[in-house]
Structures are given as structure tokens and as C-alpha cells.
Amino acid sequence: MSKENPPHPPRPPFPPFTRETALQKVRLAEDGWNNRDPAKVALAYTVDSIWRNRAEFPRGHDQIVEFLTRKWAQETEYRLIKELWAYEGNRIAVRFAYESKDLDGNWTRSYGNENWEFDENGLMQKRFASINDLPINEAERKFHWPQGRRPDDHPGLSELGL
């Protein structure tokens with residue numbers, strides 16, 4: 001490890017995942033992304049993490065931070081819900097949806113799936129995301145909490161029919 005990319009502290013829960021710990025990991029990831037702080041989000045990944053996000057392939061913290069900084073500058077009013085799909089050993093699969101507004105005021109709901117792989121310290125070392133976008137009108141929005149963490153009583157994807 002270089003001095004510029006020191007190792008990060010462990011991030012429980014750790015693999016191998018149980019249903020309970022996989023659900024915890026998914027909610028922690030959702031909370032982090034909803035707080036929209038690229039540097040803090042990057043701490044959940046190994047320093048050499050490998051991503052595929054649509055047609056982009058960020059590698060390592062610097063590229064992850066740059067990617068997220070650019071993403072959230074373009075996707076305002078960002079709100080995300082993740083749902084556990086499957087888990088085994090050190091891997092978790094999720095489905096998700098997020099709503100955001102672009103700089104021209106157009107709303108989008110983005111749907112996707114992610115496959116995650118974790119190291120023994122609970123840091124994500126691989127993230128593969130496939131995402132589709134659906135333009136929506138503001139009246140079609142379903143995610144209405146204040147920016148930041150989704151409230152515990154706000155419905156999840158299944159409850160919203162997504």
C-alpha cells in the first residue's frame with residue numbers, strides 16, 4: 001500500500017454473510033450512497049476496488065471518488081433504495097432504484113442490479129452494476145424523504161411495486 005492509499009479499517013459485517021448480515025450490508029451501502037459524500041463512500045471499498053458502472057470502469061479510490069463526484073454533481077435530488085436479492089459466502093447481489101433530477105430539471109428513475117464481492121475485512125473489492133433509466137414526471141416520483149438516509153418507515157422497492 002502506498003502512503004496515498006492507506007488500508008481502511010475493517011467494515012463489519014464480515015463475510016461469510018448470513019441473511020441478517022447481508023441485509024445490514026445492503027442498508028449500510030444504501031445509507032452511504034444517499035449521504036452523497038464521495039470520499040466517505042469510497043472508504044467502504046478496497047483501495048484497489050474494481051467497478052463496472054454502466055459503460056465506465058473505475059478502479060481504485062481516486063477513480064471512485066472522481067466518478068461519484070461527477071455523478072452527484074449531475075444527478076441532483078438523488079434518492080436510492082437497495083434491496084437484497086441473494087447472498088453467498090463473500091458475495092451479495094442487490095437490486096435497486098434511484099430517482100434523481102438532472103441539471104435541466106428532468107426527473108429519472110434508474111433501475112439496476114449490482115453484484116458485490118467483499119474481502120475478509122468487509123470492504124467491497126468488486127462492484128458490477130447494470131443500470132437502465134426511465135424518464136419520469138415529477139408527479140410520478142415515489143421517493144419523497146428529505147435528502148440523506150431513507151427513513152426506516154419509508155417503503156422499500158417491493159412495497160412500492162418496483
# chains A, B, ... in the order shown; residues from 1 in each chain; ligands from 1
$ residues_around --residues "Asn35 (chain A)" --least-positions-apart "6" --cutoff "12 Å" --atoms "only C-alpha atoms" --output "list in words"
Leu28, Ala29, Val41, Leu68, Trp72, Glu77, Tyr78, Arg79, Leu80, Pro146, Gln147, Gly148, Arg149 and Arg150 of chain A
$ select_by_dssp --residues "chain A" --states "strand (DSSP E)" --output "count of residues only"
58
$ residues_around --residues "Tyr45 (chain A)" --least-positions-apart "2" --cutoff "9 Å" --atoms "only C-alpha atoms" --output "list of chain:residue names"
A:His8, A:Val41, A:Ala42, A:Leu43, A:Val47, A:Asp48, A:Ser49, A:Gly60, A:His61, A:Phe118, A:Gly122, A:Leu123, A:Met124, A:Gln125, A:Lys126
$ write_last_selection --atoms "N, CA and C atoms" --output "PDB file, in the first residue's frame"
ATOM      1  N   HIS A   8      -7.931   0.744   4.721  1.00  0.00           N
ATOM      2  CA  HIS A   8      -9.037   1.282   5.505  1.00  0.00           C
ATOM      3  C   HIS A   8      -9.368   0.341   6.644  1.00  0.00           C
ATOM      4  N   VAL A  41     -17.993   7.427   0.946  1.00  0.00           N
ATOM      5  CA  VAL A  41     -18.456   6.222   0.260  1.00  0.00           C
ATOM      6  C   VAL A  41     -17.263   5.360  -0.137  1.00  0.00           C
ATOM      7  N   ALA A  42     -16.204   5.977  -0.626  1.00  0.00           N
ATOM      8  CA  ALA A  42     -15.022   5.236  -1.081  1.00  0.00           C
ATOM      9  C   ALA A  42     -14.379   4.431   0.043  1.00  0.00           C
ATOM     10  N   LEU A  43     -14.578   4.832   1.294  1.00  0.00           N
ATOM     11  CA  LEU A  43     -13.989   4.101   2.422  1.00  0.00           C
ATOM     12  C   LEU A  43     -14.561   2.695   2.586  1.00  0.00           C
ATOM     13  N   VAL A  47      -8.789  -0.352  -1.542  1.00  0.00           N
ATOM     14  CA  VAL A  47      -8.079   0.715  -2.256  1.00  0.00           C
ATOM     15  C   VAL A  47      -7.878   0.373  -3.735  1.00  0.00           C
ATOM     16  N   ASP A  48      -7.943  -0.920  -4.073  1.00  0.00           N
ATOM     17  CA  ASP A  48      -7.783  -1.335  -5.470  1.00  0.00           C
ATOM     18  C   ASP A  48      -9.092  -1.894  -6.046  1.00  0.00           C
ATOM     19  N   SER A  49     -10.213  -1.468  -5.481  1.00  0.00           N
ATOM     20  CA  SER A  49     -11.525  -1.942  -5.891  1.00  0.00           C
ATOM     21  C   SER A  49     -11.716  -1.803  -7.404  1.00  0.00           C
ATOM     22  N   GLY A  60      -9.946   1.651  -8.156  1.00  0.00           N
ATOM     23  CA  GLY A  60      -9.259   2.291  -7.042  1.00  0.00           C
ATOM     24  C   GLY A  60      -9.975   3.543  -6.550  1.00  0.00           C
ATOM     25  N   HIS A  61      -9.559   3.963  -5.375  1.00  0.00           N
ATOM     26  CA  HIS A  61     -10.240   5.072  -4.696  1.00  0.00           C
ATOM     27  C   HIS A  61     -10.281   6.376  -5.466  1.00  0.00           C
ATOM     28  N   PHE A 118     -16.725  -9.054  -1.456  1.00  0.00           N
ATOM     29  CA  PHE A 118     -16.048  -8.436  -0.318  1.00  0.00           C
ATOM     30  C   PHE A 118     -14.788  -9.187   0.070  1.00  0.00           C
ATOM     31  N   GLY A 122     -14.511  -6.976   5.182  1.00  0.00           N
ATOM     32  CA  GLY A 122     -15.817  -6.386   4.919  1.00  0.00           C
ATOM     33  C   GLY A 122     -15.784  -5.236   3.934  1.00  0.00           C
ATOM     34  N   LEU A 123     -14.666  -5.052   3.233  1.00  0.00           N
ATOM     35  CA  LEU A 123     -14.545  -3.998   2.225  1.00  0.00           C
ATOM     36  C   LEU A 123     -14.906  -4.579   0.855  1.00  0.00           C
ATOM     37  N   MET A 124     -15.642  -3.801   0.072  1.00  0.00           N
ATOM     38  CA  MET A 124     -16.058  -4.280  -1.235  1.00  0.00           C
ATOM     39  C   MET A 124     -14.872  -4.184  -2.203  1.00  0.00           C
ATOM     40  N   GLN A 125     -14.519  -5.319  -2.799  1.00  0.00           N
ATOM     41  CA  GLN A 125     -13.385  -5.334  -3.724  1.00  0.00           C
ATOM     42  C   GLN A 125     -13.832  -5.353  -5.178  1.00  0.00           C
ATOM     43  N   LYS A 126     -15.084  -5.756  -5.412  1.00  0.00           N
ATOM     44  CA  LYS A 126     -15.624  -5.743  -6.776  1.00  0.00           C
ATOM     45  C   LYS A 126     -17.076  -5.287  -6.716  1.00  0.00           C
TER      46      LYS A 126
END
$ residues_around --residues "Pro16 (chain A)" --least-positions-apart "6" --cutoff "9 Å" --atoms "only C-alpha atoms" --output "ChimeraX atom specification"
/A:88-91,120
$ write_last_selection --atoms "all heavy atoms" --output "PDB file, in the first residue's frame"
ATOM      1  N   GLU A  88     -24.167 -15.238  -0.781  1.00  0.00           N
ATOM      2  CA  GLU A  88     -23.473 -16.496  -0.510  1.00  0.00           C
ATOM      3  C   GLU A  88     -22.022 -16.178  -0.247  1.00  0.00           C
ATOM      4  O   GLU A  88     -21.389 -15.442  -1.011  1.00  0.00           O
ATOM      5  CB  GLU A  88     -23.587 -17.461  -1.692  1.00  0.00           C
ATOM      6  CG  GLU A  88     -22.916 -18.801  -1.398  1.00  0.00           C
ATOM      7  CD  GLU A  88     -23.077 -19.820  -2.515  1.00  0.00           C
ATOM      8  OE1 GLU A  88     -23.893 -19.613  -3.424  1.00  0.00           O
ATOM      9  OE2 GLU A  88     -22.346 -20.820  -2.471  1.00  0.00           O
ATOM     10  N   GLY A  89     -21.491 -16.710   0.839  1.00  0.00           N
ATOM     11  CA  GLY A  89     -20.086 -16.513   1.155  1.00  0.00           C
ATOM     12  C   GLY A  89     -19.747 -15.042   1.287  1.00  0.00           C
ATOM     13  O   GLY A  89     -20.266 -14.341   2.148  1.00  0.00           O
ATOM     14  N   ASN A  90     -18.874 -14.558   0.393  1.00  0.00           N
ATOM     15  CA  ASN A  90     -18.435 -13.160   0.430  1.00  0.00           C
ATOM     16  C   ASN A  90     -19.096 -12.326  -0.669  1.00  0.00           C
ATOM     17  O   ASN A  90     -18.609 -11.254  -1.014  1.00  0.00           O
ATOM     18  CB  ASN A  90     -16.913 -13.068   0.324  1.00  0.00           C
ATOM     19  CG  ASN A  90     -16.389 -13.455  -1.043  1.00  0.00           C
ATOM     20  OD1 ASN A  90     -17.034 -14.210  -1.787  1.00  0.00           O
ATOM     21  ND2 ASN A  90     -15.224 -12.946  -1.383  1.00  0.00           N
ATOM     22  N   ARG A  91     -20.207 -12.819  -1.221  1.00  0.00           N
ATOM     23  CA  ARG A  91     -20.869 -12.113  -2.322  1.00  0.00           C
ATOM     24  C   ARG A  91     -22.307 -11.771  -1.957  1.00  0.00           C
ATOM     25  O   ARG A  91     -22.992 -12.551  -1.289  1.00  0.00           O
ATOM     26  CB  ARG A  91     -20.854 -12.959  -3.592  1.00  0.00           C
ATOM     27  CG  ARG A  91     -19.454 -13.126  -4.124  1.00  0.00           C
ATOM     28  CD  ARG A  91     -19.449 -13.908  -5.386  1.00  0.00           C
ATOM     29  NE  ARG A  91     -18.094 -13.932  -5.940  1.00  0.00           N
ATOM     30  CZ  ARG A  91     -17.709 -14.729  -6.881  1.00  0.00           C
ATOM     31  NH1 ARG A  91     -18.560 -15.589  -7.418  1.00  0.00           N
ATOM     32  NH2 ARG A  91     -16.474 -14.682  -7.326  1.00  0.00           N
ATOM     33  N   GLU A 120     -12.025 -10.107   3.324  1.00  0.00           N
ATOM     34  CA  GLU A 120     -12.237 -10.616   4.683  1.00  0.00           C
ATOM     35  C   GLU A 120     -12.482  -9.502   5.702  1.00  0.00           C
ATOM     36  O   GLU A 120     -13.001  -9.740   6.791  1.00  0.00           O
ATOM     37  CB  GLU A 120     -11.055 -11.496   5.123  1.00  0.00           C
ATOM     38  CG  GLU A 120      -9.739 -10.757   5.263  1.00  0.00           C
ATOM     39  CD  GLU A 120      -8.989 -10.532   3.948  1.00  0.00           C
ATOM     40  OE1 GLU A 120      -9.446 -10.989   2.888  1.00  0.00           O
ATOM     41  OE2 GLU A 120      -7.936  -9.875   3.997  1.00  0.00           O
TER      42      GLU A 120
END
$ closest_residue --among "A:Arg127, A:His154, A:Ala44, A:Leu160" --to "Glu56 (chain A)" --atoms "only C-alpha atoms"
A:Arg127
$ select_by_dssp --residues "chain A" --states "alpha helix (DSSP H)" --output "PyMOL selection string"
chain A and resi 19-35+38-42+60-74
$ atom_distance --atom1 "CA of Pro58 (chain A)" --atom2 "CA of Leu157 (chain A)"
27.2 Å
$ closest_residue --among "A:Asn121, A:Asn106, A:Ser158, A:Thr18" --to "Arg141 (chain A)" --atoms "only C-alpha atoms"
A:Asn106
$ residues_around --residues "Glu99 (chain A)" --least-positions-apart "5" --cutoff "12 Å" --atoms "only C-alpha atoms" --output "PDB file with N, CA and C atoms, in the first residue's frame"
ATOM      1  N   ASN A  34     -26.815   7.435  -0.176  1.00  0.00           N
ATOM      2  CA  ASN A  34     -27.803   8.505  -0.003  1.00  0.00           C
ATOM      3  C   ASN A  34     -27.209   9.739   0.674  1.00  0.00           C
ATOM      4  N   TRP A  72     -22.844  12.791  -8.759  1.00  0.00           N
ATOM      5  CA  TRP A  72     -23.764  13.532  -7.910  1.00  0.00           C
ATOM      6  C   TRP A  72     -23.805  15.022  -8.230  1.00  0.00           C
ATOM      7  N   GLU A  75     -26.563  14.444 -11.004  1.00  0.00           N
ATOM      8  CA  GLU A  75     -27.812  13.821 -10.539  1.00  0.00           C
ATOM      9  C   GLU A  75     -28.189  14.453  -9.208  1.00  0.00           C
ATOM     10  N   THR A  76     -28.950  15.549  -9.264  1.00  0.00           N
ATOM     11  CA  THR A  76     -29.347  16.228  -8.035  1.00  0.00           C
ATOM     12  C   THR A  76     -30.604  15.559  -7.478  1.00  0.00           C
ATOM     13  N   GLU A  77     -30.952  15.889  -6.263  1.00  0.00           N
ATOM     14  CA  GLU A  77     -32.146  15.314  -5.613  1.00  0.00           C
ATOM     15  C   GLU A  77     -32.105  13.787  -5.644  1.00  0.00           C
ATOM     16  N   TYR A  78     -30.909  13.227  -5.501  1.00  0.00           N
ATOM     17  CA  TYR A  78     -30.669  11.788  -5.596  1.00  0.00           C
ATOM     18  C   TYR A  78     -31.213  11.069  -4.360  1.00  0.00           C
ATOM     19  N   ARG A  79     -32.035  10.050  -4.582  1.00  0.00           N
ATOM     20  CA  ARG A  79     -32.550   9.208  -3.514  1.00  0.00           C
ATOM     21  C   ARG A  79     -32.547   7.764  -4.016  1.00  0.00           C
ATOM     22  N   LEU A  80     -31.998   6.867  -3.203  1.00  0.00           N
ATOM     23  CA  LEU A  80     -31.731   5.481  -3.602  1.00  0.00           C
ATOM     24  C   LEU A  80     -32.351   4.507  -2.617  1.00  0.00           C
ATOM     25  N   ILE A  81     -32.896   3.418  -3.153  1.00  0.00           N
ATOM     26  CA  ILE A  81     -33.330   2.286  -2.333  1.00  0.00           C
ATOM     27  C   ILE A  81     -32.678   1.031  -2.899  1.00  0.00           C
ATOM     28  N   ASN A 106     -35.034  17.695 -15.352  1.00  0.00           N
ATOM     29  CA  ASN A 106     -35.722  16.474 -15.777  1.00  0.00           C
ATOM     30  C   ASN A 106     -35.496  15.369 -14.749  1.00  0.00           C
ATOM     31  N   TRP A 107     -36.579  14.659 -14.413  1.00  0.00           N
ATOM     32  CA  TRP A 107     -36.503  13.557 -13.452  1.00  0.00           C
ATOM     33  C   TRP A 107     -36.290  12.226 -14.163  1.00  0.00           C
ATOM     34  N   THR A 108     -35.556  11.344 -13.495  1.00  0.00           N
ATOM     35  CA  THR A 108     -35.291   9.994 -13.990  1.00  0.00           C
ATOM     36  C   THR A 108     -35.400   9.022 -12.824  1.00  0.00           C
ATOM     37  N   ARG A 109     -35.959   7.857 -13.103  1.00  0.00           N
ATOM     38  CA  ARG A 109     -35.847   6.740 -12.161  1.00  0.00           C
ATOM     39  C   ARG A 109     -34.927   5.731 -12.825  1.00  0.00           C
ATOM     40  N   SER A 110     -33.874   5.381 -12.139  1.00  0.00           N
ATOM     41  CA  SER A 110     -32.891   4.430 -12.655  1.00  0.00           C
ATOM     42  C   SER A 110     -33.055   3.121 -11.905  1.00  0.00           C
ATOM     43  N   TYR A 111     -33.139   2.024 -12.653  1.00  0.00           N
ATOM     44  CA  TYR A 111     -33.296   0.686 -12.098  1.00  0.00           C
ATOM     45  C   TYR A 111     -32.024  -0.100 -12.371  1.00  0.00           C
ATOM     46  N   GLY A 112     -31.639  -0.952 -11.426  1.00  0.00           N
ATOM     47  CA  GLY A 112     -30.457  -1.735 -11.708  1.00  0.00           C
ATOM     48  C   GLY A 112     -30.247  -2.903 -10.776  1.00  0.00           C
ATOM     49  N   ASN A 132     -30.579   0.798 -15.974  1.00  0.00           N
ATOM     50  CA  ASN A 132     -31.451   1.323 -17.026  1.00  0.00           C
ATOM     51  C   ASN A 132     -32.168   2.554 -16.496  1.00  0.00           C
ATOM     52  N   ASP A 133     -32.389   3.527 -17.349  1.00  0.00           N
ATOM     53  CA  ASP A 133     -33.018   4.783 -16.958  1.00  0.00           C
ATOM     54  C   ASP A 133     -34.404   4.914 -17.569  1.00  0.00           C
ATOM     55  N   LEU A 134     -35.326   5.453 -16.781  1.00  0.00           N
ATOM     56  CA  LEU A 134     -36.683   5.727 -17.230  1.00  0.00           C
ATOM     57  C   LEU A 134     -37.003   7.185 -16.918  1.00  0.00           C
ATOM     58  N   PRO A 135     -37.203   8.010 -17.938  1.00  0.00           N
ATOM     59  CA  PRO A 135     -37.623   9.387 -17.658  1.00  0.00           C
ATOM     60  C   PRO A 135     -38.996   9.368 -16.971  1.00  0.00           C
ATOM     61  N   ILE A 136     -39.161  10.173 -15.923  1.00  0.00           N
ATOM     62  CA  ILE A 136     -40.441  10.266 -15.220  1.00  0.00           C
ATOM     63  C   ILE A 136     -40.793  11.741 -15.031  1.00  0.00           C
ATOM     64  N   ASN A 137     -42.075  11.997 -14.822  1.00  0.00           N
ATOM     65  CA  ASN A 137     -42.522  13.321 -14.444  1.00  0.00           C
ATOM     66  C   ASN A 137     -42.385  13.461 -12.941  1.00  0.00           C
ATOM     67  N   GLU A 138     -42.286  14.680 -12.467  1.00  0.00           N
ATOM     68  CA  GLU A 138     -42.159  14.896 -11.022  1.00  0.00           C
ATOM     69  C   GLU A 138     -43.316  14.246 -10.264  1.00  0.00           C
ATOM     70  N   GLU A 140     -44.687  11.496 -10.840  1.00  0.00           N
ATOM     71  CA  GLU A 140     -44.513  10.039 -10.789  1.00  0.00           C
ATOM     72  C   GLU A 140     -43.487   9.606  -9.748  1.00  0.00           C
ATOM     73  N   ARG A 141     -42.832  10.545  -9.113  1.00  0.00           N
ATOM     74  CA  ARG A 141     -41.825  10.201  -8.102  1.00  0.00           C
ATOM     75  C   ARG A 141     -42.439   9.388  -6.972  1.00  0.00           C
ATOM     76  N   LYS A 142     -41.631   8.472  -6.435  1.00  0.00           N
ATOM     77  CA  LYS A 142     -42.070   7.644  -5.307  1.00  0.00           C
ATOM     78  C   LYS A 142     -41.173   7.817  -4.078  1.00  0.00           C
ATOM     79  N   PHE A 143     -40.036   8.460  -4.248  1.00  0.00           N
ATOM     80  CA  PHE A 143     -39.064   8.606  -3.154  1.00  0.00           C
ATOM     81  C   PHE A 143     -39.138  10.050  -2.661  1.00  0.00           C
ATOM     82  N   HIS A 144     -39.795  10.267  -1.534  1.00  0.00           N
ATOM     83  CA  HIS A 144     -40.103  11.627  -1.090  1.00  0.00           C
ATOM     84  C   HIS A 144     -39.513  12.004   0.265  1.00  0.00           C
ATOM     85  N   TRP A 145     -38.501  11.339   0.730  1.00  0.00           N
ATOM     86  CA  TRP A 145     -37.914  11.733   2.014  1.00  0.00           C
ATOM     87  C   TRP A 145     -36.899  12.852   1.789  1.00  0.00           C
ATOM     88  N   GLN A 147     -33.381  14.690   1.556  1.00  0.00           N
ATOM     89  CA  GLN A 147     -32.103  14.105   1.117  1.00  0.00           C
ATOM     90  C   GLN A 147     -31.340  13.557   2.312  1.00  0.00           C
TER      91      GLN A 147
END
$ closest_atom_pairs --of "region 59-147 of chain A" --to "region 52-55 of chain A" --cutoff "7 Å" --atoms "only C-alpha atoms" --output "tab-separated table"
residue	atom	partner	partner_atom	distance
A:Arg127	CA	A:Arg52	CA	6.4
A:Phe128	CA	A:Arg52	CA	4.7
A:Ala129	CA	A:Asn53	CA	4.9
A:Ser130	CA	A:Arg54	CA	5.6
A:Ile131	CA	A:Arg54	CA	6.1
$ write_last_selection --atoms "N, CA and C atoms" --output "compact mmCIF listing (two decimals), in the first residue's frame"
# COMPACT_ATOMS: atom_id res chain seq x y z
N ARG A 127 -17.43 -4.43 -7.67
CA ARG A 127 -18.82 -3.93 -7.79
C ARG A 127 -19.14 -3.86 -9.28
N PHE A 128 -20.13 -4.66 -9.69
CA PHE A 128 -20.57 -4.68 -11.07
C PHE A 128 -22.02 -4.25 -11.12
N ALA A 129 -22.30 -3.11 -11.77
CA ALA A 129 -23.65 -2.55 -11.82
C ALA A 129 -24.16 -2.49 -13.25
N SER A 130 -25.41 -2.91 -13.43
CA SER A 130 -26.12 -2.78 -14.69
C SER A 130 -27.33 -1.90 -14.40
N ILE A 131 -27.52 -0.84 -15.21
CA ILE A 131 -28.50 0.19 -14.88
C ILE A 131 -29.27 0.62 -16.13
$ closest_residue --among "A:Lys71, A:Arg95, A:Arg59, A:Arg19" --to "Asp37 (chain A)" --atoms "only C-alpha atoms"
A:Lys71
$ residues_around --residues "Pro13 (chain A)" --least-positions-apart "6" --cutoff "8 Å" --atoms "only C-alpha atoms" --output "ChimeraX atom specification"
/A:21-22,24-25,122
$ write_last_selection --atoms "all heavy atoms" --output "PDB file, in the first residue's frame"
ATOM      1  N   THR A  21     -26.797 -10.451   8.190  1.00  0.00           N
ATOM      2  CA  THR A  21     -25.642  -9.587   7.936  1.00  0.00           C
ATOM      3  C   THR A  21     -25.633  -9.059   6.501  1.00  0.00           C
ATOM      4  O   THR A  21     -25.175  -7.946   6.258  1.00  0.00           O
ATOM      5  CB  THR A  21     -24.315 -10.297   8.272  1.00  0.00           C
ATOM      6  OG1 THR A  21     -24.173 -11.483   7.479  1.00  0.00           O
ATOM      7  CG2 THR A  21     -24.246 -10.640   9.759  1.00  0.00           C
ATOM      8  N   ALA A  22     -26.174  -9.835   5.561  1.00  0.00           N
ATOM      9  CA  ALA A  22     -26.288  -9.341   4.181  1.00  0.00           C
ATOM     10  C   ALA A  22     -27.269  -8.168   4.135  1.00  0.00           C
ATOM     11  O   ALA A  22     -27.010  -7.153   3.478  1.00  0.00           O
ATOM     12  CB  ALA A  22     -26.727 -10.458   3.240  1.00  0.00           C
ATOM     13  N   GLN A  24     -27.909  -6.128   6.560  1.00  0.00           N
ATOM     14  CA  GLN A  24     -27.209  -4.998   7.183  1.00  0.00           C
ATOM     15  C   GLN A  24     -26.263  -4.335   6.187  1.00  0.00           C
ATOM     16  O   GLN A  24     -26.212  -3.104   6.094  1.00  0.00           O
ATOM     17  CB  GLN A  24     -26.414  -5.458   8.405  1.00  0.00           C
ATOM     18  CG  GLN A  24     -27.248  -5.843   9.580  1.00  0.00           C
ATOM     19  CD  GLN A  24     -26.408  -6.486  10.693  1.00  0.00           C
ATOM     20  OE1 GLN A  24     -25.192  -6.641  10.576  1.00  0.00           O
ATOM     21  NE2 GLN A  24     -27.066  -6.878  11.762  1.00  0.00           N
ATOM     22  N   LYS A  25     -25.503  -5.142   5.465  1.00  0.00           N
ATOM     23  CA  LYS A  25     -24.535  -4.610   4.497  1.00  0.00           C
ATOM     24  C   LYS A  25     -25.245  -3.806   3.410  1.00  0.00           C
ATOM     25  O   LYS A  25     -24.767  -2.736   3.011  1.00  0.00           O
ATOM     26  CB  LYS A  25     -23.732  -5.765   3.892  1.00  0.00           C
ATOM     27  CG  LYS A  25     -22.394  -5.393   3.364  1.00  0.00           C
ATOM     28  CD  LYS A  25     -21.456  -4.934   4.458  1.00  0.00           C
ATOM     29  CE  LYS A  25     -20.022  -5.181   4.154  1.00  0.00           C
ATOM     30  NZ  LYS A  25     -19.146  -4.611   5.172  1.00  0.00           N
ATOM     31  N   GLY A 122     -14.511  -6.976   5.182  1.00  0.00           N
ATOM     32  CA  GLY A 122     -15.817  -6.386   4.919  1.00  0.00           C
ATOM     33  C   GLY A 122     -15.784  -5.236   3.934  1.00  0.00           C
ATOM     34  O   GLY A 122     -16.770  -4.514   3.790  1.00  0.00           O
TER      35      GLY A 122
END
$ atom_distance --atom1 "CA of Gln63 (chain A)" --atom2 "CA of Ala86 (chain A)"
27.7 Å
$ atom_distance --atom1 "CA of Leu103 (chain A)" --atom2 "CA of Val65 (chain A)"
20.3 Å
$ residues_around --residues "Gln74 (chain A)" --least-positions-apart "3" --cutoff "9 Å" --atoms "only C-alpha atoms" --output "list in words"
Thr69, Arg70, Lys71, Ser100, Lys101, Asp102 and Leu103 of chain A
$ write_last_selection --atoms "all heavy atoms" --output "mmCIF file, in the first residue's frame"
data_model
loop_
_atom_site.group_PDB
_atom_site.id
_atom_site.type_symbol
_atom_site.label_atom_id
_atom_site.label_comp_id
_atom_site.auth_asym_id
_atom_site.auth_seq_id
_atom_site.Cartn_x
_atom_site.Cartn_y
_atom_site.Cartn_z
ATOM 1 N N THR A 69 -18.164 11.977 -7.532
ATOM 2 C CA THR A 69 -18.243 13.443 -7.520
ATOM 3 C C THR A 69 -18.951 13.935 -8.777
ATOM 4 O O THR A 69 -19.867 14.773 -8.711
ATOM 5 C CB THR A 69 -16.832 14.054 -7.406
ATOM 6 O OG1 THR A 69 -16.239 13.605 -6.182
ATOM 7 C CG2 THR A 69 -16.879 15.570 -7.436
ATOM 8 N N ARG A 70 -18.566 13.397 -9.910
ATOM 9 C CA ARG A 70 -19.177 13.775 -11.196
ATOM 10 C C ARG A 70 -20.644 13.342 -11.243
ATOM 11 O O ARG A 70 -21.517 14.112 -11.653
ATOM 12 C CB ARG A 70 -18.374 13.147 -12.334
ATOM 13 C CG ARG A 70 -18.812 13.523 -13.718
ATOM 14 C CD ARG A 70 -17.838 13.047 -14.798
ATOM 15 N NE ARG A 70 -17.042 11.873 -14.486
ATOM 16 C CZ ARG A 70 -17.436 10.604 -14.679
ATOM 17 N NH1 ARG A 70 -18.619 10.350 -15.209
ATOM 18 N NH2 ARG A 70 -16.628 9.598 -14.371
ATOM 19 N N LYS A 71 -20.907 12.122 -10.789
ATOM 20 C CA LYS A 71 -22.266 11.578 -10.799
ATOM 21 C C LYS A 71 -23.213 12.478 -10.013
ATOM 22 O O LYS A 71 -24.259 12.883 -10.514
ATOM 23 C CB LYS A 71 -22.248 10.167 -10.192
ATOM 24 C CG LYS A 71 -23.614 9.559 -9.943
ATOM 25 C CD LYS A 71 -23.462 8.219 -9.239
ATOM 26 C CE LYS A 71 -24.786 7.583 -8.896
ATOM 27 N NZ LYS A 71 -25.640 7.299 -10.038
ATOM 28 N N SER A 100 -33.560 10.814 -9.498
ATOM 29 C CA SER A 100 -32.708 12.000 -9.494
ATOM 30 C C SER A 100 -33.224 12.983 -10.526
ATOM 31 O O SER A 100 -33.988 12.626 -11.425
ATOM 32 C CB SER A 100 -31.254 11.624 -9.786
ATOM 33 O OG SER A 100 -31.124 11.063 -11.080
ATOM 34 N N LYS A 101 -32.777 14.205 -10.364
ATOM 35 C CA LYS A 101 -33.129 15.280 -11.288
ATOM 36 C C LYS A 101 -31.844 15.752 -11.941
ATOM 37 O O LYS A 101 -30.837 15.945 -11.267
ATOM 38 C CB LYS A 101 -33.799 16.416 -10.508
ATOM 39 C CG LYS A 101 -34.309 17.540 -11.370
ATOM 40 C CD LYS A 101 -35.220 18.510 -10.609
ATOM 41 C CE LYS A 101 -34.513 19.214 -9.488
ATOM 42 N NZ LYS A 101 -35.305 20.314 -8.903
ATOM 43 N N ASP A 102 -31.872 15.955 -13.261
ATOM 44 C CA ASP A 102 -30.676 16.445 -13.941
ATOM 45 C C ASP A 102 -30.600 17.969 -13.840
ATOM 46 O O ASP A 102 -31.502 18.616 -13.284
ATOM 47 C CB ASP A 102 -30.589 15.938 -15.386
ATOM 48 C CG ASP A 102 -31.635 16.506 -16.313
ATOM 49 O OD1 ASP A 102 -32.251 17.567 -16.009
ATOM 50 O OD2 ASP A 102 -31.864 15.907 -17.380
ATOM 51 N N LEU A 103 -29.554 18.531 -14.374
ATOM 52 C CA LEU A 103 -29.325 19.967 -14.258
ATOM 53 C C LEU A 103 -30.337 20.799 -15.041
ATOM 54 O O LEU A 103 -30.474 22.007 -14.804
ATOM 55 C CB LEU A 103 -27.892 20.311 -14.680
ATOM 56 C CG LEU A 103 -26.807 19.659 -13.813
ATOM 57 C CD1 LEU A 103 -25.424 19.966 -14.366
ATOM 58 C CD2 LEU A 103 -26.928 20.077 -12.358
#
